[in-house]
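Asker: One structure, as structure tokens, below. Some questions next.
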Amino acid sequence: MRRQKGQDIIEYALMLAIIVGIGGWIYNAGASGSLTRSINSVFSNASALLDEASKEKLPAASTAKDIIERLRQGRYDGLADVLQGKPSSTLVISSDSAAGQDLARKLNIQTKEGETEYPDQRGGRWFVDLHTDGQYVVTYYAADANKLSFSALKEDYKNNTSKYYNPTYGEKDIRRYPTKVTVDEGIYNSQGKERLYSGTTGHVGPSADGTGFTIYPGSY
């Protein structure tokens, strides 16, 4: 019995030491604020996930008309944070960029390369331009309208840039962009007033960062 009693006392002592150790860690962590920050972070992330899960999923936007409308909603209905406000420099997002893919997931925009159940979506791609004055432009390129897939256009521009872009001429000279393409366009002023154009003229030129190319509406 004395041995058993001694063993119990040792076990209680060890448990007490563990409890004191945990208590000391909590006290020190609380004093430094790290524990509080960790707990707040857990609840904040949980709240964000619950908010996201509670949102009704947007129906898929798959046609040129629906995609332009969805991108309009992204800015003017507040569905996409990246499209809000007036940027310090022109913001250009293409559908095949990382930012564009993230935006497409958020707005449930679906475009596919090759044959699909949506004939006008073969090789379809979109671009958004948000200007410093608040003007917002959405450009949609459909392969069927141009008899050329987006990937083929991209490759042709890479190998024959002068066919599409000739910087010898001024910015307002249509000869600066010798080869035109057909696009659908949605253009919105700073108040959100819109003009929509289907099957209008567009042109191809270098992207804002100079690393690729972008499709713009208009002859120049």
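Chain labels follow the order of the structure tokens: the first chain is A, the next B, and so on; residue numbering restarts at 1 in every chain, and ligands are counted from 1 in their shown order.
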Which residues come within 9 Å of Arg176 of chain A, counting only C-alpha atoms, excluding same-chain residues fewer than 4 positions away, as number ranges by chain?
Answerer: A: 164-172, 220
Asker: Please produce a file of the residues just selected, as an mmCIF file, in the first residue's frame, where the atoms kept are C-alpha atoms.
Answerer:
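Output contents, as saved in part.cif:
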```cif
data_model
loop_
_atom_site.group_PDB
_atom_site.id
_atom_site.type_symbol
_atom_site.label_atom_id
_atom_site.label_comp_id
_atom_site.auth_asym_id
_atom_site.auth_seq_id
_atom_site.Cartn_x
_atom_site.Cartn_y
_atom_site.Cartn_z
ATOM 1 C CA TYR A 164 -0.291 42.856 -86.444
ATOM 2 C CA TYR A 165 1.730 45.662 -84.877
ATOM 3 C CA ASN A 166 3.898 48.297 -86.566
ATOM 4 C CA PRO A 167 5.154 50.936 -84.091
ATOM 5 C CA THR A 168 6.544 53.005 -86.953
ATOM 6 C CA TYR A 169 3.139 54.669 -87.203
ATOM 7 C CA GLY A 170 1.537 56.825 -84.523
ATOM 8 C CA GLU A 171 -0.872 55.554 -81.868
ATOM 9 C CA LYS A 172 -3.901 57.001 -83.692
ATOM 10 C CA TYR A 220 -6.235 51.509 -83.230
#
```
Asker: For Arg195 of chain A, work out the shell of residues within 8 Å, counting only C-alpha atoms and skipping chain neighbours fewer than 3 positions away, then give it as a list of chain:residue names.
Answerer: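 Non-adjacent residues within range: A:Gly186, A:Ile187, A:Tyr188.
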Asker: Tell me which protein, DNA and RNA residues are within 10 Å of Val128 of chain A, counting only C-alpha atoms, leaving out same-chain ones fewer than 6 positions away, and put them as an NGL selection string.
Answerer: :A and (68 or 71-72 or 83 or 91-95 or 100 or 136-140 or 185-187 or 214-216)
Asker: Leaving out Thr179 of chain A and any residue of its chain fewer than 4 positions from it, which residues lie within 10 Å of it when counting only C-alpha atoms, given as a PyMOL selection string?
Answerer: chain A and resi 162-165+174-175+202-204+219
Asker: Could you save the residues just selected, with C-alpha atoms, as a PDB file, in the first residue's frame?
Answerer:
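Generated output (selection_18.pdb):
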```pdb
ATOM      1  CA  SER A 162       4.825  43.125 -87.716  1.00  0.00           C
ATOM      2  CA  LYS A 163       1.760  41.607 -89.384  1.00  0.00           C
ATOM      3  CA  TYR A 164      -0.291  42.856 -86.444  1.00  0.00           C
ATOM      4  CA  TYR A 165       1.730  45.662 -84.877  1.00  0.00           C
ATOM      5  CA  ILE A 174      -4.754  52.585 -88.223  1.00  0.00           C
ATOM      6  CA  ARG A 175      -1.626  51.448 -90.081  1.00  0.00           C
ATOM      7  CA  GLY A 202     -10.560  44.928 -82.909  1.00  0.00           C
ATOM      8  CA  HIS A 203      -6.784  44.891 -83.168  1.00  0.00           C
ATOM      9  CA  VAL A 204      -3.845  43.048 -81.626  1.00  0.00           C
ATOM     10  CA  SER A 219      -9.008  49.981 -85.340  1.00  0.00           C
TER      11      SER A 219
END
```
Asker: Report, in Å with one decimal, the straight-line distance from atom CA of Ala104 of chain A to atom CA of Ser198 of chain A.
Answerer: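 Computed distance, atom CA of Ala104 of chain A to atom CA of Ser198 of chain A, equals 21.3 Å.
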Asker: Would you return as a PyMOL selection string the members of segment 47-162 of chain A that DSSP assigns to helix (DSSP H, G or I) on this structure's backbone?
Answerer: chain A and resi 47-54+64-76+81-83+98-107+119-121+143-146+150-159+161-162
Asker: Smallest atom-to-atom distance to Gly192 of chain A: which of A:Gly21, A:Gly124, A:Gly212, A:Gly134, using only C-alpha atoms?
Answerer: A:Gly134
Asker: Rounded to one decimal, what separation in Å do you get between atom CA of Asp77 of chain A and atom CA of Asp184 of chain A?
Answerer: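 Result for atom CA of Asp77 of chain A versus atom CA of Asp184 of chain A: 21.1 Å, one decimal.
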